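Peer 1: So that you have it, the file is model-v8.cif, and it contains mmCIF, C-alpha atoms:
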```cif
data_target
#
loop_
_atom_site.label_atom_id
_atom_site.label_comp_id
_atom_site.auth_asym_id
_atom_site.auth_seq_id
_atom_site.Cartn_x
_atom_site.Cartn_y
_atom_site.Cartn_z
CA MET Y 408 104.81 90.72 114.68
CA ILE Y 409 104.51 92.51 111.34
CA PHE Y 410 105.61 90.85 108.11
CA TYR Y 411 106.12 93.40 105.35
CA PHE Y 412 107.34 93.73 101.79
CA SER Y 413 108.11 96.99 100.01
CA GLY Y 414 109.59 97.94 96.65
CA THR Y 415 109.57 101.73 96.33
CA GLY Y 416 109.09 102.47 100.01
CA ASN Y 417 105.37 103.19 100.36
CA THR Y 418 104.67 100.06 102.38
CA LYS Y 419 107.92 100.34 104.32
CA TRP Y 420 106.82 103.75 105.57
CA ALA Y 421 103.43 102.35 106.66
CA ALA Y 422 104.99 99.26 108.26
CA LYS Y 423 107.49 101.33 110.24
CA ASP Y 424 104.72 103.58 111.56
CA LEU Y 425 102.68 100.51 112.49
CA ALA Y 426 105.61 98.95 114.33
CA ALA Y 427 106.38 102.19 116.18
CA SER Y 428 102.76 102.58 117.27
CA THR Y 429 102.13 98.96 118.28
CA ASP Y 430 105.63 98.07 119.52
CA ASP Y 431 105.45 94.97 117.33
CA LYS Y 432 108.51 93.40 115.70
CA LEU Y 433 109.05 94.22 112.02
CA ILE Y 434 110.20 91.48 109.62
CA ASN Y 435 110.99 92.01 105.93
CA MET Y 436 109.53 89.11 103.94
CA ALA Y 437 112.10 89.54 101.16
CA ASP Y 438 114.93 89.08 103.66
CA ALA Y 439 113.18 86.25 105.48
CA ILE Y 440 112.06 84.06 102.59
CA PRO Y 441 115.47 82.41 101.95
CA GLY Y 442 115.27 81.02 105.52
CA ASP Y 443 112.85 78.52 107.02
CA CYS Y 444 110.22 81.19 107.83
CA SER Y 445 109.52 79.78 111.29
CA TYR Y 446 108.28 82.18 113.97
CA ASN Y 447 106.75 82.05 117.42
CA LEU Y 448 103.85 84.28 118.42
CA THR Y 449 103.04 84.99 122.04
CA ASP Y 450 99.44 84.43 123.09
CA ASP Y 451 98.58 88.15 123.08
CA GLU Y 452 100.72 89.18 120.10
CA ARG Y 453 99.19 90.76 116.99
CA LEU Y 454 99.95 89.30 113.56
CA GLY Y 455 100.24 91.85 110.74
CA PHE Y 456 100.92 91.69 107.02
CA ALA Y 457 101.83 94.79 105.01
CA PHE Y 458 102.57 94.86 101.28
CA PRO Y 459 101.78 96.65 98.00
CA ILE Y 460 99.19 95.35 95.56
CA HIS Y 461 100.64 94.02 92.30
CA GLY Y 462 98.25 93.77 89.37
CA TRP Y 463 95.25 93.92 91.75
CA ARG Y 464 96.57 90.78 93.44
CA VAL Y 465 98.81 89.70 96.30
CA PRO Y 466 102.47 89.92 95.15
CA ILE Y 467 104.15 86.64 94.25
CA ILE Y 468 106.79 87.05 96.96
CA VAL Y 469 104.10 87.48 99.63
CA ILE Y 470 102.26 84.38 98.41
CA ARG Y 471 105.48 82.36 98.52
CA PHE Y 472 106.32 83.64 101.99
CA ILE Y 473 102.90 82.81 103.44
CA GLU Y 474 102.96 79.36 101.83
CA LYS Y 475 106.33 78.76 103.49
CA LEU Y 476 105.39 80.37 106.83
CA LYS Y 477 105.51 78.19 109.95
CA LEU Y 478 103.71 79.88 112.80
CA ASN Y 479 102.26 78.79 116.13
CA TYR Y 480 99.00 80.59 115.36
CA THR Y 481 96.30 79.95 117.97
CA GLY Y 482 93.76 82.60 117.04
CA GLN Y 483 95.84 85.74 117.62
CA TYR Y 484 94.50 88.97 116.12
CA CYS Y 485 95.49 89.14 112.44
CA TYR Y 486 95.28 92.14 110.13
CA ALA Y 487 96.65 93.41 106.82
CA VAL Y 488 97.56 96.86 105.56
CA VAL Y 489 98.02 97.03 101.80
CA THR Y 490 99.13 99.90 99.58
CA ALA Y 491 98.06 100.74 96.04
CA GLY Y 492 98.22 103.64 93.63
CA ASP Y 493 94.49 103.49 93.01
CA SER Y 494 92.47 100.41 93.99
CA ILE Y 495 93.06 96.86 95.19
CA GLY Y 496 90.39 94.91 93.32
CA LEU Y 497 89.64 91.74 95.29
CA ALA Y 498 93.18 91.29 96.57
CA ASP Y 499 91.84 91.26 100.14
CA GLU Y 500 89.65 88.24 99.36
CA ARG Y 501 92.62 86.47 97.79
CA LEU Y 502 94.70 87.18 100.89
CA ASP Y 503 91.90 85.94 103.13
CA LYS Y 504 91.80 82.61 101.26
CA LEU Y 505 95.59 82.31 101.27
CA LEU Y 506 95.79 82.82 105.03
CA ALA Y 507 92.84 80.48 105.60
CA SER Y 508 94.79 77.75 103.79
CA LYS Y 509 97.37 78.12 106.59
CA GLY Y 510 94.70 78.04 109.29
CA ILE Y 511 94.95 81.80 109.92
CA ARG Y 512 91.86 84.02 110.21
CA LEU Y 513 92.14 87.54 108.76
CA ASP Y 514 90.32 89.78 111.26
CA ALA Y 515 90.74 93.15 109.55
CA CYS Y 516 92.04 94.60 106.29
CA PHE Y 517 92.97 98.18 105.41
CA SER Y 518 94.21 99.84 102.23
CA LEU Y 519 96.22 103.01 101.72
CA ILE Y 520 96.14 104.90 98.43
CA MET Y 521 99.75 105.94 97.87
CA PRO Y 522 101.73 107.70 95.11
CA GLU Y 523 101.76 105.67 91.89
CA SER Y 524 104.95 103.75 91.10
CA TYR Y 525 103.82 101.31 88.38
CA VAL Y 526 105.08 102.53 85.01
CA GLY Y 527 105.03 99.28 83.03
CA LEU Y 528 102.15 100.14 80.71
CA PRO Y 529 102.01 102.97 78.15
CA PHE Y 530 99.18 104.82 79.89
CA MET Y 531 100.60 104.58 83.43
CA ASP Y 532 103.04 107.08 84.95
CA VAL Y 533 103.97 108.46 88.36
CA ASP Y 534 101.70 111.08 89.88
CA THR Y 535 102.27 114.80 89.68
CA LEU Y 536 104.07 116.22 92.71
CA LYS Y 537 100.82 117.86 93.84
CA LYS Y 538 98.89 114.60 93.66
CA GLU Y 539 101.78 112.72 95.29
CA ASN Y 540 101.71 115.05 98.28
CA GLU Y 541 97.91 114.90 98.53
CA LYS Y 542 98.03 111.11 98.57
CA LYS Y 543 100.74 111.06 101.23
CA GLN Y 544 98.79 113.42 103.49
CA LYS Y 545 95.58 111.42 103.11
CA ALA Y 546 97.44 108.13 103.65
CA ALA Y 547 99.03 109.44 106.86
CA SER Y 548 95.60 110.40 108.19
CA ASP Y 549 94.09 107.06 107.17
CA LEU Y 550 96.96 105.14 108.74
CA ASP Y 551 96.37 106.91 112.06
CA THR Y 552 92.75 105.72 111.92
CA TYR Y 553 93.79 102.19 111.03
CA ILE Y 554 96.34 102.03 113.83
CA LYS Y 555 93.63 102.88 116.37
CA CYS Y 556 91.56 99.95 115.09
CA ILE Y 557 94.57 97.64 115.18
CA VAL Y 558 95.56 98.65 118.71
CA LYS Y 559 91.98 97.95 119.83
CA ARG Y 560 92.07 94.64 117.88
CA GLU Y 561 88.81 95.44 116.13
CA LYS Y 562 87.50 92.48 114.12
CA GLY Y 563 85.36 92.27 111.03
CA VAL Y 564 86.82 95.53 109.75
CA SER Y 565 87.26 96.16 106.03
CA MET Y 566 88.49 99.64 105.13
CA VAL Y 567 89.67 99.07 101.58
CA THR Y 568 89.24 100.65 98.15
CA HIS Y 569 88.05 97.85 95.88
CA GLY Y 570 87.55 100.17 92.91
CA PRO Y 571 85.30 99.54 89.88
CA LEU Y 572 84.93 96.02 88.48
CA PRO Y 573 87.12 94.48 91.20
CA GLY Y 574 86.52 90.92 90.04
CA PHE Y 575 87.54 91.80 86.50
CA PHE Y 576 90.77 93.52 87.56
CA SER Y 577 91.82 90.87 90.09
CA GLY Y 578 90.69 88.12 87.70
CA PRO Y 579 91.53 88.32 83.97
CA VAL Y 580 93.53 91.56 84.17
CA GLY Y 581 95.54 90.23 87.11
CA ALA Y 582 96.14 87.00 85.22
CA PHE Y 583 97.45 89.00 82.25
CA PHE Y 584 99.85 90.87 84.55
CA LEU Y 585 101.09 87.61 86.03
CA LYS Y 586 101.64 85.93 82.68
CA HIS Y 587 103.00 88.77 80.57
CA LEU Y 588 104.09 91.75 82.66
CA ILE Y 589 105.87 90.32 85.70
CA THR Y 590 109.26 89.73 84.10
CA ASP Y 591 112.72 91.29 84.05
CA LYS Y 592 113.28 90.67 80.33
CA PRO Y 593 112.43 94.22 79.13
CA PHE Y 594 114.78 95.89 81.63
CA HIS Y 595 117.90 97.37 80.09
CA VAL Y 596 120.46 100.03 80.92
CA ASP Y 597 121.85 103.01 79.02
CA LYS Y 598 125.58 102.32 79.36
CA ASP Y 599 126.48 105.90 78.55
CA ARG Y 600 124.42 107.15 81.49
CA CYS Y 601 125.09 104.36 83.97
CA THR Y 602 127.82 105.09 86.54
CA GLY Y 603 127.97 101.55 87.93
CA CYS Y 604 127.06 102.86 91.39
CA GLY Y 605 125.26 99.64 92.34
CA THR Y 606 122.13 101.30 93.74
CA CYS Y 607 119.84 99.07 91.69
CA GLU Y 608 121.69 95.92 92.76
CA LYS Y 609 121.57 96.91 96.42
CA LEU Y 610 117.87 97.84 96.45
CA CYS Y 611 116.44 95.00 94.36
CA PRO Y 612 114.28 93.14 96.93
CA VAL Y 613 114.82 89.74 95.28
CA ASN Y 614 118.54 90.07 94.38
CA ASP Y 615 117.80 89.84 90.66
CA ILE Y 616 120.56 92.25 89.59
CA ASP Y 617 124.32 91.88 89.36
CA ILE Y 618 126.72 94.71 88.59
CA ALA Y 619 128.98 92.96 86.12
CA ASP Y 620 131.79 93.96 83.78
CA ASP Y 621 130.86 93.09 80.20
CA GLY Y 622 134.30 93.99 78.88
CA GLU Y 623 133.47 97.68 78.46
CA LYS Y 624 132.24 98.85 81.88
CA ALA Y 625 130.44 97.57 84.96
CA THR Y 626 126.68 97.88 84.51
CA PRO Y 627 123.60 96.13 85.93
CA GLN Y 628 122.57 92.82 84.43
CA TRP Y 629 119.28 91.14 85.29
CA LYS Y 630 119.50 87.45 86.10
CA HIS Y 631 116.32 86.28 84.32
CA ASN Y 632 115.83 83.68 87.04
CA GLY Y 633 112.07 84.07 87.47
CA LYS Y 634 112.31 86.02 90.73
CA CYS Y 635 111.69 89.53 89.38
CA LEU Y 636 108.51 91.14 90.74
CA THR Y 637 108.55 94.07 88.31
CA CYS Y 638 108.27 96.36 91.32
CA PHE Y 639 110.37 98.95 89.44
CA SER Y 640 112.54 99.63 92.49
CA CYS Y 641 115.63 99.54 90.24
CA TYR Y 642 114.11 101.98 87.75
CA HIS Y 643 112.84 104.45 90.34
CA HIS Y 644 115.98 104.48 92.49
CA CYS Y 645 118.50 104.93 89.66
CA PRO Y 646 120.12 108.33 90.42
CA VAL Y 647 120.93 109.01 86.75
CA LYS Y 648 117.79 107.46 85.24
CA ALA Y 649 119.81 104.97 83.20
CA ILE Y 650 117.34 102.07 83.53
CA SER Y 651 114.42 101.55 81.15
CA TYR Y 652 111.68 98.95 80.80
CA GLY Y 653 111.57 98.41 77.07
CA HIS Y 654 110.13 101.57 75.54
CA ARG Y 655 107.34 101.72 78.11
CA THR Y 656 109.17 104.03 80.52
CA LYS Y 657 110.38 106.55 77.94
CA GLY Y 658 109.69 110.08 79.14
CA LYS Y 659 108.19 108.92 82.43
CA GLY Y 660 109.02 110.05 85.94
CA GLN Y 661 110.59 108.33 88.91
CA TYR Y 662 109.21 107.95 92.40
CA PHE Y 663 110.10 106.39 95.70
CA TYR Y 664 108.92 107.36 99.15
CA ASN Y 665 110.38 110.62 100.51
CA ARG Y 666 111.90 111.64 97.22
CA ASN Y 667 110.54 114.34 94.91
CA HIS Y 668 109.11 113.09 91.66
CA ILE Y 669 111.44 113.63 88.70
CA LYS Y 670 110.42 114.41 85.16
#
```
How would this structure read if it were set down as C-alpha cells?
Peer 2:
Amino acid sequence: MIFYFSGTGNTKWAAKDLAASTDDKLINMADAIPGDCSYNLTDDERLGFAFPIHGWRVPIIVIRFIEKLKLNYTGQYCYAVVTAGDSIGLADERLDKLLASKGIRLDACFSLIMPESYVGLPFMDVDTLKKENEKKQKAASDLDTYIKCIVKREKGVSMVTHGPLPGFFSGPVGAFFLKHLITDKPFHVDKDRCTGCGTCEKLCPVNDIDIADDGEKATPQWKHNGKCLTCFSCYHHCPVKAISYGHRTKGKGQYFYNRNHIK
C-alpha cells in the first residue's frame, strides 16, 4: 500500500512508478483524508509514503493524514520516497517521529531531486528546461535504484539529500514558511486573461477554489478556509497564466510534470 500526495505531479509520477514496480495499491492522501482513513495491511504487504517536501518539512496535509490514519500495522516494511527541488533538510527525521507516534517504524527513506515548482519567494523560480530535463533523467535513474531496495525490503537505508544547514532550514526557516507563506490570501486572478475553464478548481488537491460568478464573469475564488498548502498547482496548471501570487510570481515560469516549462 502506497499513500501519496502530489501537487504539480512530481510525486505522482514517482508513486505511479513505485506502484507499477511493486504491485502495491496506490492511495491519494488528499482524496482519502475526508474519510475515516482506516486501512488493512496484509502480513507481507509493504507500507509506503510518497510526498513532496514543503518548506523543508512534511506537508501539513500529510501530517494530518498520518495523525488520522488507522492501520493494523504489525511491523510491516515501511518506507518513504520524498521529492524536492533541492534538499529536504531534516524532513526525514520529522517523518520518522511522526510515524513513531503512531507506532510505525520507518525502515528506509529516499529523496528525489525534481524540477523546482516553488515560486513563492522573490528569488525562487522554476528551472530552465535544460535543468528540468537533467533532473528528470537523474530522478528516473535514482528511482530505479530505490525501487530495487524497496522490493528487497532493505532496512536502515537513508538515501536522502539533507543539504546544508538542515536543522536551520527545517527549524526556523520551516517555521517561517508555516506561519507566513502557507496561505491562499495572496492568490488572485487576472480577469481579463481568465477563461473560467475551471482547471485550477479541478486540480486543487484540497478543494480550496470555487469558480464563481462575481457579477461580471466566472473566475476562481479562493476559500480562505485554512486548507491551502501553497503547492502552486493552480498557478502552474493555469493554461493562460491568469493566476498570480501577489507580486512574487511576476515574470516567472510555470511547471508541472510532463509539461514544458513556460516563460
Peer 1: With the file shown as input, list the residues that the PyMOL selection byres ((chain Y and resi 657-662) around 12) selects, as a PyMOL selection string.
Peer 2: chain Y and resi 414-417+492+521-536+539-540+638-656+663-670
Peer 1: Measure the distance from atom CA of Y:Asp424 to atom CA of Y:Asp551 in Å and round it to one decimal.
Peer 2: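 Those two atoms sit 9.0 Å apart.
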Peer 1: Any chance you could work out the residue set of the PyMOL selection byres ((chain Y and resi 613) around 9) here, as a PDB file with C-alpha atoms, in the frame of the given file?
Peer 2:
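Saved result, result33.pdb, follows:
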```pdb
ATOM      1  CA  ALA Y 437     112.100  89.540 101.160  1.00  0.00           C
ATOM      2  CA  ASP Y 438     114.930  89.080 103.660  1.00  0.00           C
ATOM      3  CA  ILE Y 468     106.790  87.050  96.960  1.00  0.00           C
ATOM      4  CA  LEU Y 610     117.870  97.840  96.450  1.00  0.00           C
ATOM      5  CA  CYS Y 611     116.440  95.000  94.360  1.00  0.00           C
ATOM      6  CA  PRO Y 612     114.280  93.140  96.930  1.00  0.00           C
ATOM      7  CA  ASN Y 614     118.540  90.070  94.380  1.00  0.00           C
ATOM      8  CA  ASP Y 615     117.800  89.840  90.660  1.00  0.00           C
ATOM      9  CA  ILE Y 616     120.560  92.250  89.590  1.00  0.00           C
ATOM     10  CA  LYS Y 634     112.310  86.020  90.730  1.00  0.00           C
ATOM     11  CA  CYS Y 635     111.690  89.530  89.380  1.00  0.00           C
ATOM     12  CA  LEU Y 636     108.510  91.140  90.740  1.00  0.00           C
TER      13      LEU Y 636
END
```
Peer 1: Distance atom CA of Y:Cys516-atom CA of Y:Gly563, one decimal place?
Peer 2: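 Computing it gives 8.5 Å between the two atoms.
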Peer 1: For a test of reading the model, state the distance in Å between atom CA of Y:Gln483 and atom CA of Y:Lys562, rounded to one decimal.
Peer 2: 11.3 Å
Peer 1: Which one of Y:Leu497, Y:Ala426, Y:Ile409, Y:Ile470 sits closest to Y:Tyr484 if you count only C-alpha atoms?
Peer 2: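 Closest to Y:Tyr484, using only C-alpha atoms: Y:Ile409.
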Peer 1: Once the PyMOL selection byres ((chain Y and resi 599) around 12) has been applied to the shown file, what residues remain in the selection, as a ChimeraX atom specification?
Peer 2: /Y:596-598,600-603,623-626,647-650
Peer 1: Can you pull out the residues contacting Y:Leu585? Cut-off 10 Å, using all atoms listed in the file, and skip same-chain residues under 4 positions away; I want them as an NGL selection string.
Peer 2: :Y and (461-462 or 464 or 466-467 or 579-581 or 589-590 or 636)
Peer 1: Could you check which of Y:Thr429, Y:Leu572, Y:Asn447, Y:Pro627 is closest to Y:Tyr553, using only C-alpha atoms?
Peer 2: Y:Thr429
Peer 1: Could you check the closest approach to Y:Val465 for each of Y:Thr490, Y:Asn479, Y:Ser508, Y:Thr552 and tell me which residue wins, using all atoms listed in the file?
Peer 2: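 Closest residue, counting all atoms listed in the file: Y:Thr490.
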Peer 1: Give the answer as one residue: which of Y:Lys419, Y:Lys609, Y:Lys592, Y:Arg501 has the shortest atom-to-atom distance to Y:Pro573, using all atoms listed in the file?
Peer 2: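 Smallest separation from Y:Pro573 among the options: Y:Arg501.
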Peer 1: Name the closest residue to Y:Arg471 among the candidates Y:Leu506, Y:Ile554, Y:Leu588, Y:Ala547; distances are taken between atoms, counting all atoms listed in the file.
Peer 2: Y:Leu506
Peer 1: Please, could N, CA, C and O atoms be added to stretch 584-607 of chain Y and the result written as a PDB file, in the coordinates of the input?
Peer 2:
```pdb
ATOM      1  N   PHE Y 584      98.654  90.332  83.896  1.00  0.00           N
ATOM      2  CA  PHE Y 584      99.850  90.870  84.550  1.00  0.00           C
ATOM      3  C   PHE Y 584     100.801  89.740  84.913  1.00  0.00           C
ATOM      4  O   PHE Y 584     101.997  89.806  84.648  1.00  0.00           O
ATOM      5  N   LEU Y 585     100.265  88.720  85.557  1.00  0.00           N
ATOM      6  CA  LEU Y 585     101.090  87.610  86.030  1.00  0.00           C
ATOM      7  C   LEU Y 585     101.799  86.898  84.887  1.00  0.00           C
ATOM      8  O   LEU Y 585     102.981  86.546  84.981  1.00  0.00           O
ATOM      9  N   LYS Y 586     101.098  86.704  83.792  1.00  0.00           N
ATOM     10  CA  LYS Y 586     101.640  85.930  82.680  1.00  0.00           C
ATOM     11  C   LYS Y 586     102.590  86.736  81.787  1.00  0.00           C
ATOM     12  O   LYS Y 586     103.609  86.214  81.312  1.00  0.00           O
ATOM     13  N   HIS Y 587     102.265  88.012  81.579  1.00  0.00           N
ATOM     14  CA  HIS Y 587     103.000  88.770  80.570  1.00  0.00           C
ATOM     15  C   HIS Y 587     103.818  89.954  81.087  1.00  0.00           C
ATOM     16  O   HIS Y 587     104.764  90.376  80.416  1.00  0.00           O
ATOM     17  N   LEU Y 588     103.478  90.498  82.232  1.00  0.00           N
ATOM     18  CA  LEU Y 588     104.090  91.750  82.660  1.00  0.00           C
ATOM     19  C   LEU Y 588     105.028  91.618  83.866  1.00  0.00           C
ATOM     20  O   LEU Y 588     105.767  92.551  84.172  1.00  0.00           O
ATOM     21  N   ILE Y 589     104.963  90.509  84.575  1.00  0.00           N
ATOM     22  CA  ILE Y 589     105.870  90.320  85.700  1.00  0.00           C
ATOM     23  C   ILE Y 589     107.092  89.553  85.202  1.00  0.00           C
ATOM     24  O   ILE Y 589     107.157  88.326  85.234  1.00  0.00           O
ATOM     25  N   THR Y 590     108.053  90.303  84.706  1.00  0.00           N
ATOM     26  CA  THR Y 590     109.260  89.730  84.100  1.00  0.00           C
ATOM     27  C   THR Y 590     110.363  90.793  84.062  1.00  0.00           C
ATOM     28  O   THR Y 590     110.080  91.983  83.951  1.00  0.00           O
ATOM     29  N   ASP Y 591     111.604  90.348  84.132  1.00  0.00           N
ATOM     30  CA  ASP Y 591     112.720  91.290  84.050  1.00  0.00           C
ATOM     31  C   ASP Y 591     113.277  91.414  82.633  1.00  0.00           C
ATOM     32  O   ASP Y 591     114.214  92.176  82.389  1.00  0.00           O
ATOM     33  N   LYS Y 592     112.715  90.703  81.686  1.00  0.00           N
ATOM     34  CA  LYS Y 592     113.280  90.670  80.330  1.00  0.00           C
ATOM     35  C   LYS Y 592     113.343  92.037  79.644  1.00  0.00           C
ATOM     36  O   LYS Y 592     114.310  92.323  78.931  1.00  0.00           O
ATOM     37  N   PRO Y 593     112.336  92.916  79.816  1.00  0.00           N
ATOM     38  CA  PRO Y 593     112.430  94.220  79.130  1.00  0.00           C
ATOM     39  C   PRO Y 593     113.418  95.207  79.757  1.00  0.00           C
ATOM     40  O   PRO Y 593     113.746  96.219  79.150  1.00  0.00           O
ATOM     41  N   PHE Y 594     113.876  94.945  80.987  1.00  0.00           N
ATOM     42  CA  PHE Y 594     114.780  95.890  81.630  1.00  0.00           C
ATOM     43  C   PHE Y 594     116.112  95.972  80.883  1.00  0.00           C
ATOM     44  O   PHE Y 594     116.691  94.961  80.500  1.00  0.00           O
ATOM     45  N   HIS Y 595     116.576  97.190  80.675  1.00  0.00           N
ATOM     46  CA  HIS Y 595     117.900  97.370  80.090  1.00  0.00           C
ATOM     47  C   HIS Y 595     118.488  98.682  80.590  1.00  0.00           C
ATOM     48  O   HIS Y 595     117.779  99.522  81.160  1.00  0.00           O
ATOM     49  N   VAL Y 596     119.774  98.865  80.385  1.00  0.00           N
ATOM     50  CA  VAL Y 596     120.460 100.030  80.920  1.00  0.00           C
ATOM     51  C   VAL Y 596     121.147 100.816  79.802  1.00  0.00           C
ATOM     52  O   VAL Y 596     121.654 100.239  78.838  1.00  0.00           O
ATOM     53  N   ASP Y 597     121.124 102.130  79.919  1.00  0.00           N
ATOM     54  CA  ASP Y 597     121.850 103.010  79.020  1.00  0.00           C
ATOM     55  C   ASP Y 597     123.291 103.077  79.552  1.00  0.00           C
ATOM     56  O   ASP Y 597     123.563 103.719  80.567  1.00  0.00           O
ATOM     57  N   LYS Y 598     124.199 102.416  78.872  1.00  0.00           N
ATOM     58  CA  LYS Y 598     125.580 102.320  79.360  1.00  0.00           C
ATOM     59  C   LYS Y 598     126.281 103.662  79.403  1.00  0.00           C
ATOM     60  O   LYS Y 598     127.207 103.869  80.199  1.00  0.00           O
ATOM     61  N   ASP Y 599     125.858 104.579  78.539  1.00  0.00           N
ATOM     62  CA  ASP Y 599     126.480 105.900  78.550  1.00  0.00           C
ATOM     63  C   ASP Y 599     126.097 106.691  79.793  1.00  0.00           C
ATOM     64  O   ASP Y 599     126.882 107.490  80.296  1.00  0.00           O
ATOM     65  N   ARG Y 600     124.889 106.455  80.293  1.00  0.00           N
ATOM     66  CA  ARG Y 600     124.420 107.150  81.490  1.00  0.00           C
ATOM     67  C   ARG Y 600     124.866 106.455  82.775  1.00  0.00           C
ATOM     68  O   ARG Y 600     125.187 107.097  83.764  1.00  0.00           O
ATOM     69  N   CYS Y 601     124.843 105.140  82.768  1.00  0.00           N
ATOM     70  CA  CYS Y 601     125.090 104.360  83.970  1.00  0.00           C
ATOM     71  C   CYS Y 601     126.478 104.653  84.542  1.00  0.00           C
ATOM     72  O   CYS Y 601     127.472 104.687  83.812  1.00  0.00           O
ATOM     73  N   THR Y 602     126.546 104.835  85.858  1.00  0.00           N
ATOM     74  CA  THR Y 602     127.820 105.090  86.540  1.00  0.00           C
ATOM     75  C   THR Y 602     128.341 103.853  87.260  1.00  0.00           C
ATOM     76  O   THR Y 602     129.412 103.905  87.870  1.00  0.00           O
ATOM     77  N   GLY Y 603     127.555 102.759  87.232  1.00  0.00           N
ATOM     78  CA  GLY Y 603     127.970 101.550  87.930  1.00  0.00           C
ATOM     79  C   GLY Y 603     127.935 101.694  89.441  1.00  0.00           C
ATOM     80  O   GLY Y 603     128.664 100.999  90.163  1.00  0.00           O
ATOM     81  N   CYS Y 604     127.085 102.570  89.950  1.00  0.00           N
ATOM     82  CA  CYS Y 604     127.060 102.860  91.390  1.00  0.00           C
ATOM     83  C   CYS Y 604     126.533 101.700  92.239  1.00  0.00           C
ATOM     84  O   CYS Y 604     126.800 101.624  93.431  1.00  0.00           O
ATOM     85  N   GLY Y 605     125.752 100.816  91.631  1.00  0.00           N
ATOM     86  CA  GLY Y 605     125.260  99.640  92.340  1.00  0.00           C
ATOM     87  C   GLY Y 605     123.988  99.861  93.135  1.00  0.00           C
ATOM     88  O   GLY Y 605     123.546  98.957  93.855  1.00  0.00           O
ATOM     89  N   THR Y 606     123.366 101.030  92.999  1.00  0.00           N
ATOM     90  CA  THR Y 606     122.130 101.300  93.740  1.00  0.00           C
ATOM     91  C   THR Y 606     121.039 100.299  93.394  1.00  0.00           C
ATOM     92  O   THR Y 606     120.356  99.773  94.272  1.00  0.00           O
ATOM     93  N   CYS Y 607     120.883 100.010  92.123  1.00  0.00           N
ATOM     94  CA  CYS Y 607     119.840  99.070  91.690  1.00  0.00           C
ATOM     95  C   CYS Y 607     120.086  97.677  92.249  1.00  0.00           C
ATOM     96  O   CYS Y 607     119.157  97.003  92.705  1.00  0.00           O
TER      97      CYS Y 607
END
```
